[in-house]
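Reviewing the structure listed below.
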Protein chains: 2
Amino acid sequence: MNETALCPRFEKAVGILSKRWVSLIVFQLLPGPRRFCGLEASLPNISGRLLSERLKELEQEGIVRREVFPETPVRIEYSLTDKGRALAPVLSEIGTWSTNWIEPE
Amino acid sequence: MNETALCPRFEKAVGILSKRWVSLIVFQLLPGPRRFCGLEASLPNISGRLLSERLKELEQEGIVRREVFPETPVRIEYSLTDKGRALAPVLSEIGTWSTNWIEPE
DNA sequence: CTGCATCCGATAAGATACTG
DNA sequence: CAGTATCTTATCGGATGCAG
């Protein structure tokens with residue numbers, strides 16, 4: 001009755017990626033590990049609360065890894081897992097599309 | 001001051017694509033034109049109001065075209081514009097990623 | 001059939017202040 | 001620095017009813 005049924009995995013992927021800030025956070029992590037305050041500064045309009053929440057969600061999805069370096073002061077870095085880095089082509093295609101089709105205001 | 005500033009076009013693209021249902025609607029329109037009730041049936045959990053709202057937004061973004069065929073009863077079809085079809089690679093990459101990295105529950 | 005308007009509760013987001 | 005707690009506001013989403 002629904003011959004064009006959507007693949008549940010596709011739906012799940014869309015659910016993850018379509019949360020606000022997620023694509024942008026992953027994009028910022030693509031070049032390499034970042035610290036919390038660095039990310040916060042790169043995403044000018046995100047609140048600390050949201051960034052914290054999204055990072056935790058992405059960590060649970062296995063997309064982001066959180067590492068604590070017990071120096072003094074302690075340093076905490078966020079980086080992408082293999083699963084997270086595998087999103088690069090998706091973001092790349094979004095970039096291509098936006099370059100071709102979005103007016104720069 | 002923000003040397004990793006994000007491209008505004010990229011941000012805009014993310015803003016469009018990360019709205020709920022948008023990717024799924026575009027995905028459903030990829031094979032060809034669909035009617036309202038057909039879309040509604042393909043997206044089992046969307047309400048008519050939301051579908052209507054998203055279609056209107058996508059029409060304003062120039063991603064979806066709405067055509068009225070003045071038959072009796074009137075027939076209305078939704079299809080993708082060139083801009084909309086250009087999203088195919090994005091969805092395709094999401095599909096690839098989900099196949100490789102999302103567990104089928 | 002298609003689609004829009006209104007209302008209302010649920011969620012998400014934002015600001016601010018505070019802790020280890 | 002790296003968050004967390006709390007509160008307020010904004011937005012989203014669903015149900016229903018109506019109009020072309």
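Ordering of the structure tokens sets the chain letters (A, B, ...); residue numbers start at 1 within each chain; ligands are numbered from 1 in the order shown.
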Least-squares fit on all C-alpha atoms, paired in order: put chain B onto chain A and return it as a PDB file with N, CA and C atoms, in the first residue's frame.
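Below is the file that was written, part.pdb:
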```pdb
ATOM      1  N   MET B   1       1.070  -1.554   0.772  1.00  0.00           N
ATOM      2  CA  MET B   1       0.152  -0.411   0.897  1.00  0.00           C
ATOM      3  C   MET B   1       0.886   0.898   0.777  1.00  0.00           C
ATOM      4  N   ASN B   2       2.187   0.826   0.952  1.00  0.00           N
ATOM      5  CA  ASN B   2       2.960   2.045   0.796  1.00  0.00           C
ATOM      6  C   ASN B   2       4.187   1.692  -0.014  1.00  0.00           C
ATOM      7  N   GLU B   3       3.982   1.570  -1.298  1.00  0.00           N
ATOM      8  CA  GLU B   3       5.045   1.003  -2.141  1.00  0.00           C
ATOM      9  C   GLU B   3       6.265   1.897  -2.250  1.00  0.00           C
ATOM     10  N   THR B   4       6.126   3.143  -1.876  1.00  0.00           N
ATOM     11  CA  THR B   4       7.310   4.007  -1.889  1.00  0.00           C
ATOM     12  C   THR B   4       7.836   4.223  -0.474  1.00  0.00           C
ATOM     13  N   ALA B   5       7.661   3.206   0.344  1.00  0.00           N
ATOM     14  CA  ALA B   5       8.083   3.330   1.735  1.00  0.00           C
ATOM     15  C   ALA B   5       9.540   3.774   1.819  1.00  0.00           C
ATOM     16  N   LEU B   6       9.810   4.552   2.821  1.00  0.00           N
ATOM     17  CA  LEU B   6      11.157   5.046   3.010  1.00  0.00           C
ATOM     18  C   LEU B   6      11.958   4.039   3.815  1.00  0.00           C
ATOM     19  N   CYS B   7      13.228   3.950   3.494  1.00  0.00           N
ATOM     20  CA  CYS B   7      14.114   3.087   4.261  1.00  0.00           C
ATOM     21  C   CYS B   7      14.257   3.657   5.670  1.00  0.00           C
ATOM     22  N   PRO B   8      14.051   2.816   6.670  1.00  0.00           N
ATOM     23  CA  PRO B   8      14.126   3.305   8.041  1.00  0.00           C
ATOM     24  C   PRO B   8      15.498   3.893   8.365  1.00  0.00           C
ATOM     25  N   ARG B   9      16.540   3.325   7.778  1.00  0.00           N
ATOM     26  CA  ARG B   9      17.863   3.876   8.031  1.00  0.00           C
ATOM     27  C   ARG B   9      18.000   5.271   7.459  1.00  0.00           C
ATOM     28  N   PHE B  10      17.437   5.441   6.287  1.00  0.00           N
ATOM     29  CA  PHE B  10      17.471   6.777   5.687  1.00  0.00           C
ATOM     30  C   PHE B  10      16.725   7.768   6.566  1.00  0.00           C
ATOM     31  N   GLU B  11      15.593   7.319   7.047  1.00  0.00           N
ATOM     32  CA  GLU B  11      14.817   8.206   7.926  1.00  0.00           C
ATOM     33  C   GLU B  11      15.598   8.563   9.192  1.00  0.00           C
ATOM     34  N   LYS B  12      16.269   7.562   9.729  1.00  0.00           N
ATOM     35  CA  LYS B  12      17.048   7.819  10.934  1.00  0.00           C
ATOM     36  C   LYS B  12      18.178   8.802  10.649  1.00  0.00           C
ATOM     37  N   ALA B  13      18.854   8.592   9.529  1.00  0.00           N
ATOM     38  CA  ALA B  13      19.946   9.492   9.151  1.00  0.00           C
ATOM     39  C   ALA B  13      19.436  10.917   9.007  1.00  0.00           C
ATOM     40  N   VAL B  14      18.301  11.060   8.354  1.00  0.00           N
ATOM     41  CA  VAL B  14      17.720  12.388   8.183  1.00  0.00           C
ATOM     42  C   VAL B  14      17.378  12.982   9.548  1.00  0.00           C
ATOM     43  N   GLY B  15      16.870  12.134  10.410  1.00  0.00           N
ATOM     44  CA  GLY B  15      16.526  12.612  11.749  1.00  0.00           C
ATOM     45  C   GLY B  15      17.730  13.163  12.488  1.00  0.00           C
ATOM     46  N   ILE B  16      18.860  12.504  12.346  1.00  0.00           N
ATOM     47  CA  ILE B  16      20.070  12.980  13.013  1.00  0.00           C
ATOM     48  C   ILE B  16      20.558  14.274  12.373  1.00  0.00           C
ATOM     49  N   LEU B  17      20.662  14.242  11.055  1.00  0.00           N
ATOM     50  CA  LEU B  17      21.281  15.366  10.363  1.00  0.00           C
ATOM     51  C   LEU B  17      20.419  16.605  10.345  1.00  0.00           C
ATOM     52  N   SER B  18      19.124  16.420  10.520  1.00  0.00           N
ATOM     53  CA  SER B  18      18.272  17.595  10.389  1.00  0.00           C
ATOM     54  C   SER B  18      18.069  18.311  11.718  1.00  0.00           C
ATOM     55  N   LYS B  19      18.766  17.861  12.739  1.00  0.00           N
ATOM     56  CA  LYS B  19      18.696  18.622  13.980  1.00  0.00           C
ATOM     57  C   LYS B  19      19.549  19.877  13.831  1.00  0.00           C
ATOM     58  N   ARG B  20      19.043  20.909  14.424  1.00  0.00           N
ATOM     59  CA  ARG B  20      19.735  22.175  14.276  1.00  0.00           C
ATOM     60  C   ARG B  20      21.178  22.083  14.777  1.00  0.00           C
ATOM     61  N   TRP B  21      22.095  22.702  14.085  1.00  0.00           N
ATOM     62  CA  TRP B  21      23.518  22.804  14.425  1.00  0.00           C
ATOM     63  C   TRP B  21      24.324  21.569  14.060  1.00  0.00           C
ATOM     64  N   VAL B  22      23.665  20.435  13.902  1.00  0.00           N
ATOM     65  CA  VAL B  22      24.435  19.207  13.729  1.00  0.00           C
ATOM     66  C   VAL B  22      25.371  19.293  12.522  1.00  0.00           C
ATOM     67  N   SER B  23      24.843  19.671  11.378  1.00  0.00           N
ATOM     68  CA  SER B  23      25.692  19.740  10.194  1.00  0.00           C
ATOM     69  C   SER B  23      26.833  20.723  10.396  1.00  0.00           C
ATOM     70  N   LEU B  24      26.504  21.833  11.020  1.00  0.00           N
ATOM     71  CA  LEU B  24      27.527  22.852  11.219  1.00  0.00           C
ATOM     72  C   LEU B  24      28.613  22.383  12.181  1.00  0.00           C
ATOM     73  N   ILE B  25      28.206  21.683  13.223  1.00  0.00           N
ATOM     74  CA  ILE B  25      29.196  21.169  14.177  1.00  0.00           C
ATOM     75  C   ILE B  25      30.107  20.156  13.501  1.00  0.00           C
ATOM     76  N   VAL B  26      29.500  19.236  12.763  1.00  0.00           N
ATOM     77  CA  VAL B  26      30.318  18.235  12.070  1.00  0.00           C
ATOM     78  C   VAL B  26      31.260  18.924  11.096  1.00  0.00           C
ATOM     79  N   PHE B  27      30.727  19.909  10.420  1.00  0.00           N
ATOM     80  CA  PHE B  27      31.557  20.647   9.463  1.00  0.00           C
ATOM     81  C   PHE B  27      32.768  21.271  10.141  1.00  0.00           C
ATOM     82  N   GLN B  28      32.551  21.809  11.303  1.00  0.00           N
ATOM     83  CA  GLN B  28      33.644  22.448  12.033  1.00  0.00           C
ATOM     84  C   GLN B  28      34.659  21.442  12.536  1.00  0.00           C
ATOM     85  N   LEU B  29      34.216  20.214  12.741  1.00  0.00           N
ATOM     86  CA  LEU B  29      35.130  19.202  13.265  1.00  0.00           C
ATOM     87  C   LEU B  29      35.892  18.474  12.159  1.00  0.00           C
ATOM     88  N   LEU B  30      35.445  18.672  10.927  1.00  0.00           N
ATOM     89  CA  LEU B  30      36.068  17.955   9.816  1.00  0.00           C
ATOM     90  C   LEU B  30      37.589  18.168   9.724  1.00  0.00           C
ATOM     91  N   PRO B  31      38.064  19.399   9.874  1.00  0.00           N
ATOM     92  CA  PRO B  31      39.507  19.596   9.723  1.00  0.00           C
ATOM     93  C   PRO B  31      40.330  18.975  10.848  1.00  0.00           C
ATOM     94  N   GLY B  32      39.715  18.752  11.991  1.00  0.00           N
ATOM     95  CA  GLY B  32      40.478  18.179  13.097  1.00  0.00           C
ATOM     96  C   GLY B  32      39.826  18.478  14.429  1.00  0.00           C
ATOM     97  N   PRO B  33      40.422  17.992  15.500  1.00  0.00           N
ATOM     98  CA  PRO B  33      39.831  18.152  16.831  1.00  0.00           C
ATOM     99  C   PRO B  33      39.667  19.624  17.219  1.00  0.00           C
ATOM    100  N   ARG B  34      38.640  19.872  17.972  1.00  0.00           N
ATOM    101  CA  ARG B  34      38.400  21.230  18.452  1.00  0.00           C
ATOM    102  C   ARG B  34      38.035  21.169  19.920  1.00  0.00           C
ATOM    103  N   ARG B  35      38.251  22.287  20.578  1.00  0.00           N
ATOM    104  CA  ARG B  35      37.848  22.378  21.972  1.00  0.00           C
ATOM    105  C   ARG B  35      36.486  23.059  22.052  1.00  0.00           C
ATOM    106  N   PHE B  36      35.877  22.884  23.203  1.00  0.00           N
ATOM    107  CA  PHE B  36      34.525  23.409  23.377  1.00  0.00           C
ATOM    108  C   PHE B  36      34.439  24.902  23.030  1.00  0.00           C
ATOM    109  N   CYS B  37      35.330  25.665  23.625  1.00  0.00           N
ATOM    110  CA  CYS B  37      35.214  27.109  23.437  1.00  0.00           C
ATOM    111  C   CYS B  37      35.533  27.505  22.003  1.00  0.00           C
ATOM    112  N   GLY B  38      36.387  26.713  21.339  1.00  0.00           N
ATOM    113  CA  GLY B  38      36.671  26.983  19.940  1.00  0.00           C
ATOM    114  C   GLY B  38      35.442  26.767  19.081  1.00  0.00           C
ATOM    115  N   LEU B  39      34.735  25.690  19.355  1.00  0.00           N
ATOM    116  CA  LEU B  39      33.501  25.428  18.619  1.00  0.00           C
ATOM    117  C   LEU B  39      32.480  26.527  18.873  1.00  0.00           C
ATOM    118  N   GLU B  40      32.386  26.880  20.127  1.00  0.00           N
ATOM    119  CA  GLU B  40      31.409  27.906  20.499  1.00  0.00           C
ATOM    120  C   GLU B  40      31.688  29.207  19.739  1.00  0.00           C
ATOM    121  N   ALA B  41      32.960  29.518  19.594  1.00  0.00           N
ATOM    122  CA  ALA B  41      33.320  30.750  18.890  1.00  0.00           C
ATOM    123  C   ALA B  41      33.057  30.650  17.389  1.00  0.00           C
ATOM    124  N   SER B  42      33.152  29.457  16.860  1.00  0.00           N
ATOM    125  CA  SER B  42      32.951  29.279  15.421  1.00  0.00           C
ATOM    126  C   SER B  42      31.480  29.299  15.028  1.00  0.00           C
ATOM    127  N   LEU B  43      30.640  29.018  15.987  1.00  0.00           N
ATOM    128  CA  LEU B  43      29.201  28.976  15.737  1.00  0.00           C
ATOM    129  C   LEU B  43      28.587  30.148  16.483  1.00  0.00           C
ATOM    130  N   PRO B  44      28.685  31.318  15.920  1.00  0.00           N
ATOM    131  CA  PRO B  44      28.469  32.543  16.692  1.00  0.00           C
ATOM    132  C   PRO B  44      27.153  32.619  17.439  1.00  0.00           C
ATOM    133  N   ASN B  45      26.145  31.920  16.982  1.00  0.00           N
ATOM    134  CA  ASN B  45      24.853  32.127  17.623  1.00  0.00           C
ATOM    135  C   ASN B  45      24.371  30.929  18.444  1.00  0.00           C
ATOM    136  N   ILE B  46      25.273  30.056  18.741  1.00  0.00           N
ATOM    137  CA  ILE B  46      24.839  28.905  19.523  1.00  0.00           C
ATOM    138  C   ILE B  46      25.102  29.187  21.000  1.00  0.00           C
ATOM    139  N   SER B  47      24.215  28.699  21.832  1.00  0.00           N
ATOM    140  CA  SER B  47      24.431  28.849  23.265  1.00  0.00           C
ATOM    141  C   SER B  47      25.210  27.647  23.780  1.00  0.00           C
ATOM    142  N   GLY B  48      25.885  27.845  24.886  1.00  0.00           N
ATOM    143  CA  GLY B  48      26.659  26.755  25.468  1.00  0.00           C
ATOM    144  C   GLY B  48      25.802  25.533  25.727  1.00  0.00           C
ATOM    145  N   ARG B  49      24.602  25.786  26.178  1.00  0.00           N
ATOM    146  CA  ARG B  49      23.730  24.656  26.491  1.00  0.00           C
ATOM    147  C   ARG B  49      23.452  23.800  25.260  1.00  0.00           C
ATOM    148  N   LEU B  50      23.112  24.465  24.182  1.00  0.00           N
ATOM    149  CA  LEU B  50      22.800  23.727  22.969  1.00  0.00           C
ATOM    150  C   LEU B  50      24.012  22.992  22.431  1.00  0.00           C
ATOM    151  N   LEU B  51      25.159  23.659  22.458  1.00  0.00           N
ATOM    152  CA  LEU B  51      26.355  23.011  21.941  1.00  0.00           C
ATOM    153  C   LEU B  51      26.655  21.761  22.759  1.00  0.00           C
ATOM    154  N   SER B  52      26.551  21.914  24.060  1.00  0.00           N
ATOM    155  CA  SER B  52      26.781  20.780  24.942  1.00  0.00           C
ATOM    156  C   SER B  52      25.808  19.640  24.647  1.00  0.00           C
ATOM    157  N   GLU B  53      24.556  20.007  24.469  1.00  0.00           N
ATOM    158  CA  GLU B  53      23.524  19.002  24.217  1.00  0.00           C
ATOM    159  C   GLU B  53      23.769  18.275  22.896  1.00  0.00           C
ATOM    160  N   ARG B  54      24.055  19.046  21.855  1.00  0.00           N
ATOM    161  CA  ARG B  54      24.288  18.428  20.549  1.00  0.00           C
ATOM    162  C   ARG B  54      25.525  17.534  20.567  1.00  0.00           C
ATOM    163  N   LEU B  55      26.589  18.003  21.242  1.00  0.00           N
ATOM    164  CA  LEU B  55      27.805  17.195  21.295  1.00  0.00           C
ATOM    165  C   LEU B  55      27.536  15.871  21.996  1.00  0.00           C
ATOM    166  N   LYS B  56      26.726  15.942  23.043  1.00  0.00           N
ATOM    167  CA  LYS B  56      26.429  14.706  23.770  1.00  0.00           C
ATOM    168  C   LYS B  56      25.619  13.747  22.893  1.00  0.00           C
ATOM    169  N   GLU B  57      24.663  14.307  22.176  1.00  0.00           N
ATOM    170  CA  GLU B  57      23.867  13.469  21.283  1.00  0.00           C
ATOM    171  C   GLU B  57      24.740  12.849  20.199  1.00  0.00           C
ATOM    172  N   LEU B  58      25.621  13.669  19.653  1.00  0.00           N
ATOM    173  CA  LEU B  58      26.488  13.160  18.591  1.00  0.00           C
ATOM    174  C   LEU B  58      27.453  12.117  19.132  1.00  0.00           C
ATOM    175  N   GLU B  59      27.839  12.293  20.382  1.00  0.00           N
ATOM    176  CA  GLU B  59      28.709  11.294  20.995  1.00  0.00           C
ATOM    177  C   GLU B  59      27.944   9.969  21.134  1.00  0.00           C
ATOM    178  N   GLN B  60      26.693  10.071  21.563  1.00  0.00           N
ATOM    179  CA  GLN B  60      25.897   8.858  21.714  1.00  0.00           C
ATOM    180  C   GLN B  60      25.629   8.175  20.377  1.00  0.00           C
ATOM    181  N   GLU B  61      25.561   8.952  19.326  1.00  0.00           N
ATOM    182  CA  GLU B  61      25.348   8.371  18.002  1.00  0.00           C
ATOM    183  C   GLU B  61      26.643   7.786  17.455  1.00  0.00           C
ATOM    184  N   GLY B  62      27.735   8.019  18.154  1.00  0.00           N
ATOM    185  CA  GLY B  62      29.013   7.498  17.674  1.00  0.00           C
ATOM    186  C   GLY B  62      29.618   8.331  16.569  1.00  0.00           C
ATOM    187  N   ILE B  63      29.197   9.576  16.487  1.00  0.00           N
ATOM    188  CA  ILE B  63      29.702  10.455  15.431  1.00  0.00           C
ATOM    189  C   ILE B  63      30.853  11.314  15.943  1.00  0.00           C
ATOM    190  N   VAL B  64      30.770  11.665  17.218  1.00  0.00           N
ATOM    191  CA  VAL B  64      31.792  12.518  17.828  1.00  0.00           C
ATOM    192  C   VAL B  64      32.461  11.767  18.977  1.00  0.00           C
ATOM    193  N   ARG B  65      33.749  11.985  19.116  1.00  0.00           N
ATOM    194  CA  ARG B  65      34.481  11.406  20.237  1.00  0.00           C
ATOM    195  C   ARG B  65      34.934  12.549  21.154  1.00  0.00           C
ATOM    196  N   ARG B  66      34.799  12.290  22.432  1.00  0.00           N
ATOM    197  CA  ARG B  66      35.178  13.287  23.430  1.00  0.00           C
ATOM    198  C   ARG B  66      36.373  12.742  24.183  1.00  0.00           C
ATOM    199  N   GLU B  67      37.446  13.483  24.191  1.00  0.00           N
ATOM    200  CA  GLU B  67      38.645  13.031  24.882  1.00  0.00           C
ATOM    201  C   GLU B  67      39.064  14.035  25.939  1.00  0.00           C
ATOM    202  N   VAL B  68      39.363  13.508  27.102  1.00  0.00           N
ATOM    203  CA  VAL B  68      39.792  14.362  28.211  1.00  0.00           C
ATOM    204  C   VAL B  68      41.286  14.176  28.419  1.00  0.00           C
ATOM    205  N   PHE B  69      42.026  15.257  28.387  1.00  0.00           N
ATOM    206  CA  PHE B  69      43.458  15.213  28.658  1.00  0.00           C
ATOM    207  C   PHE B  69      43.690  15.771  30.056  1.00  0.00           C
ATOM    208  N   PRO B  70      44.092  14.917  30.989  1.00  0.00           N
ATOM    209  CA  PRO B  70      44.175  15.348  32.390  1.00  0.00           C
ATOM    210  C   PRO B  70      45.409  16.191  32.663  1.00  0.00           C
ATOM    211  N   GLU B  71      45.470  17.289  31.954  1.00  0.00           N
ATOM    212  CA  GLU B  71      46.530  18.244  32.234  1.00  0.00           C
ATOM    213  C   GLU B  71      45.986  19.233  33.244  1.00  0.00           C
ATOM    214  N   THR B  72      46.788  20.205  33.557  1.00  0.00           N
ATOM    215  CA  THR B  72      46.230  21.289  34.366  1.00  0.00           C
ATOM    216  C   THR B  72      46.450  22.606  33.643  1.00  0.00           C
ATOM    217  N   PRO B  73      45.391  23.265  33.276  1.00  0.00           N
ATOM    218  CA  PRO B  73      44.008  22.829  33.488  1.00  0.00           C
ATOM    219  C   PRO B  73      43.634  21.722  32.512  1.00  0.00           C
ATOM    220  N   VAL B  74      42.596  21.023  32.837  1.00  0.00           N
ATOM    221  CA  VAL B  74      42.160  19.924  31.994  1.00  0.00           C
ATOM    222  C   VAL B  74      41.826  20.427  30.587  1.00  0.00           C
ATOM    223  N   ARG B  75      42.155  19.604  29.605  1.00  0.00           N
ATOM    224  CA  ARG B  75      41.846  19.978  28.234  1.00  0.00           C
ATOM    225  C   ARG B  75      40.900  18.923  27.674  1.00  0.00           C
ATOM    226  N   ILE B  76      39.888  19.373  27.005  1.00  0.00           N
ATOM    227  CA  ILE B  76      38.905  18.447  26.445  1.00  0.00           C
ATOM    228  C   ILE B  76      38.784  18.715  24.957  1.00  0.00           C
ATOM    229  N   GLU B  77      38.936  17.660  24.197  1.00  0.00           N
ATOM    230  CA  GLU B  77      38.865  17.824  22.754  1.00  0.00           C
ATOM    231  C   GLU B  77      37.739  16.993  22.159  1.00  0.00           C
ATOM    232  N   TYR B  78      37.117  17.573  21.159  1.00  0.00           N
ATOM    233  CA  TYR B  78      36.081  16.860  20.421  1.00  0.00           C
ATOM    234  C   TYR B  78      36.591  16.588  19.022  1.00  0.00           C
ATOM    235  N   SER B  79      36.372  15.368  18.588  1.00  0.00           N
ATOM    236  CA  SER B  79      36.802  15.026  17.235  1.00  0.00           C
ATOM    237  C   SER B  79      35.779  14.077  16.618  1.00  0.00           C
ATOM    238  N   LEU B  80      35.927  13.855  15.337  1.00  0.00           N
ATOM    239  CA  LEU B  80      35.000  12.963  14.644  1.00  0.00           C
ATOM    240  C   LEU B  80      35.492  11.519  14.689  1.00  0.00           C
ATOM    241  N   THR B  81      34.579  10.615  14.807  1.00  0.00           N
ATOM    242  CA  THR B  81      34.896   9.197  14.637  1.00  0.00           C
ATOM    243  C   THR B  81      34.892   8.888  13.143  1.00  0.00           C
ATOM    244  N   ASP B  82      35.153   7.632  12.806  1.00  0.00           N
ATOM    245  CA  ASP B  82      35.065   7.246  11.395  1.00  0.00           C
ATOM    246  C   ASP B  82      33.666   7.508  10.849  1.00  0.00           C
ATOM    247  N   LYS B  83      32.695   7.182  11.687  1.00  0.00           N
ATOM    248  CA  LYS B  83      31.304   7.409  11.288  1.00  0.00           C
ATOM    249  C   LYS B  83      31.055   8.890  11.012  1.00  0.00           C
ATOM    250  N   GLY B  84      31.648   9.724  11.837  1.00  0.00           N
ATOM    251  CA  GLY B  84      31.489  11.163  11.649  1.00  0.00           C
ATOM    252  C   GLY B  84      32.205  11.650  10.404  1.00  0.00           C
ATOM    253  N   ARG B  85      33.422  11.178  10.207  1.00  0.00           N
ATOM    254  CA  ARG B  85      34.163  11.614   9.014  1.00  0.00           C
ATOM    255  C   ARG B  85      33.470  11.144   7.737  1.00  0.00           C
ATOM    256  N   ALA B  86      32.739  10.034   7.857  1.00  0.00           N
ATOM    257  CA  ALA B  86      32.021   9.508   6.686  1.00  0.00           C
ATOM    258  C   ALA B  86      30.927  10.459   6.220  1.00  0.00           C
ATOM    259  N   LEU B  87      30.636  11.461   7.047  1.00  0.00           N
ATOM    260  CA  LEU B  87      29.633  12.441   6.638  1.00  0.00           C
ATOM    261  C   LEU B  87      30.212  13.515   5.719  1.00  0.00           C
ATOM    262  N   ALA B  88      31.511  13.509   5.560  1.00  0.00           N
ATOM    263  CA  ALA B  88      32.151  14.539   4.743  1.00  0.00           C
ATOM    264  C   ALA B  88      31.522  14.683   3.354  1.00  0.00           C
ATOM    265  N   PRO B  89      31.260  13.568   2.644  1.00  0.00           N
ATOM    266  CA  PRO B  89      30.664  13.719   1.311  1.00  0.00           C
ATOM    267  C   PRO B  89      29.290  14.378   1.351  1.00  0.00           C
ATOM    268  N   VAL B  90      28.538  14.105   2.404  1.00  0.00           N
ATOM    269  CA  VAL B  90      27.224  14.736   2.518  1.00  0.00           C
ATOM    270  C   VAL B  90      27.385  16.245   2.613  1.00  0.00           C
ATOM    271  N   LEU B  91      28.261  16.670   3.498  1.00  0.00           N
ATOM    272  CA  LEU B  91      28.465  18.104   3.674  1.00  0.00           C
ATOM    273  C   LEU B  91      29.065  18.729   2.421  1.00  0.00           C
ATOM    274  N   SER B  92      29.914  17.957   1.797  1.00  0.00           N
ATOM    275  CA  SER B  92      30.518  18.455   0.575  1.00  0.00           C
ATOM    276  C   SER B  92      29.462  18.707  -0.502  1.00  0.00           C
ATOM    277  N   GLU B  93      28.510  17.777  -0.601  1.00  0.00           N
ATOM    278  CA  GLU B  93      27.442  17.952  -1.587  1.00  0.00           C
ATOM    279  C   GLU B  93      26.541  19.129  -1.231  1.00  0.00           C
ATOM    280  N   ILE B  94      26.317  19.304   0.050  1.00  0.00           N
ATOM    281  CA  ILE B  94      25.534  20.475   0.456  1.00  0.00           C
ATOM    282  C   ILE B  94      26.275  21.746   0.064  1.00  0.00           C
ATOM    283  N   GLY B  95      27.582  21.719   0.271  1.00  0.00           N
ATOM    284  CA  GLY B  95      28.394  22.874  -0.111  1.00  0.00           C
ATOM    285  C   GLY B  95      28.305  23.159  -1.603  1.00  0.00           C
ATOM    286  N   THR B  96      28.397  22.118  -2.394  1.00  0.00           N
ATOM    287  CA  THR B  96      28.300  22.281  -3.846  1.00  0.00           C
ATOM    288  C   THR B  96      26.951  22.868  -4.238  1.00  0.00           C
ATOM    289  N   TRP B  97      25.921  22.291  -3.644  1.00  0.00           N
ATOM    290  CA  TRP B  97      24.574  22.763  -3.974  1.00  0.00           C
ATOM    291  C   TRP B  97      24.404  24.233  -3.580  1.00  0.00           C
ATOM    292  N   SER B  98      24.868  24.560  -2.393  1.00  0.00           N
ATOM    293  CA  SER B  98      24.686  25.933  -1.930  1.00  0.00           C
ATOM    294  C   SER B  98      25.461  26.904  -2.804  1.00  0.00           C
ATOM    295  N   THR B  99      26.627  26.486  -3.260  1.00  0.00           N
ATOM    296  CA  THR B  99      27.412  27.357  -4.137  1.00  0.00           C
ATOM    297  C   THR B  99      26.691  27.599  -5.451  1.00  0.00           C
ATOM    298  N   ASN B 100      26.044  26.557  -5.943  1.00  0.00           N
ATOM    299  CA  ASN B 100      25.405  26.666  -7.250  1.00  0.00           C
ATOM    300  C   ASN B 100      24.030  27.327  -7.220  1.00  0.00           C
ATOM    301  N   TRP B 101      23.346  27.183  -6.084  1.00  0.00           N
ATOM    302  CA  TRP B 101      21.930  27.531  -6.111  1.00  0.00           C
ATOM    303  C   TRP B 101      21.484  28.541  -5.070  1.00  0.00           C
ATOM    304  N   ILE B 102      22.310  28.824  -4.100  1.00  0.00           N
ATOM    305  CA  ILE B 102      21.877  29.788  -3.092  1.00  0.00           C
ATOM    306  C   ILE B 102      22.484  31.151  -3.390  1.00  0.00           C
ATOM    307  N   GLU B 103      21.628  32.126  -3.442  1.00  0.00           N
ATOM    308  CA  GLU B 103      22.118  33.473  -3.671  1.00  0.00           C
ATOM    309  C   GLU B 103      22.817  33.977  -2.406  1.00  0.00           C
ATOM    310  N   PRO B 104      23.918  34.681  -2.573  1.00  0.00           N
ATOM    311  CA  PRO B 104      24.646  35.181  -1.410  1.00  0.00           C
ATOM    312  C   PRO B 104      23.983  36.407  -0.802  1.00  0.00           C
ATOM    313  N   GLU B 105      22.696  36.449  -0.892  1.00  0.00           N
ATOM    314  CA  GLU B 105      21.906  37.525  -0.249  1.00  0.00           C
ATOM    315  C   GLU B 105      22.301  38.894  -0.782  1.00  0.00           C
TER     316      GLU B 105
END
```
Looking only at the backbone, which of the residues in chain B does DSSP tag as strand (DSSP E or B), as a list in words?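 Selecting the strand (DSSP E or B) positions of chain B gives Arg34, Arg35, Val64, Arg65, Arg66, Glu67, Val68, Phe69, Arg75, Ile76, Glu77, Tyr78, Ser79 and Leu80 of chain B.
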At a cut-off of 10 Å, which residues of chain D touch chain A? Count only C-alpha atoms (C1' of nucleotides) and give the answer as a ChimeraX atom specification. /D:1-4
Quick one: distance from C1' of DG20 in chain D to C1' of DA5 in chain C in Å, one decimal? 13.9 Å
Please extract the residues of chain A with a backbone DSSP assignment of alpha helix (DSSP H) and present them as a ChimeraX atom specification. /A:8-17,22-29,36-42,48-60,82-85,88-101
At most 9 Å to chain B: residues in chain C, only C-alpha atoms (C1' of nucleotides), as a VMD selection string: chain C and resid 1 to 4
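For the pair C1' of DC7 in chain C and C1' of DT8 in chain D, the interatomic distance is 21.8 Å.
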Between C1' of DC7 in chain D and C1' of DC8 in chain C, distance in Å (one decimal):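 For C1' of DC7 in chain D relative to C1' of DC8 in chain C, the distance reads 21.6 Å.
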12 Å contact set for DG9 in chain C, only C-alpha atoms (C1' of nucleotides), chain neighbours under 6 positions out, as number ranges by chain: D: 12-15
Writer output for current selection, C-alpha atoms (C1' of nucleotides), as a short mmCIF file (atom, residue, chain, number, x, y, z; two decimals), in the first residue's frame:
```cif
data_model
loop_
_atom_site.label_atom_id
_atom_site.label_comp_id
_atom_site.auth_asym_id
_atom_site.auth_seq_id
_atom_site.Cartn_x
_atom_site.Cartn_y
_atom_site.Cartn_z
"C1'" DC D 12 6.80 23.33 16.05
"C1'" DG D 13 3.41 20.02 15.46
"C1'" DG D 14 -1.20 17.84 15.81
"C1'" DA D 15 -6.37 18.06 15.73
#
```
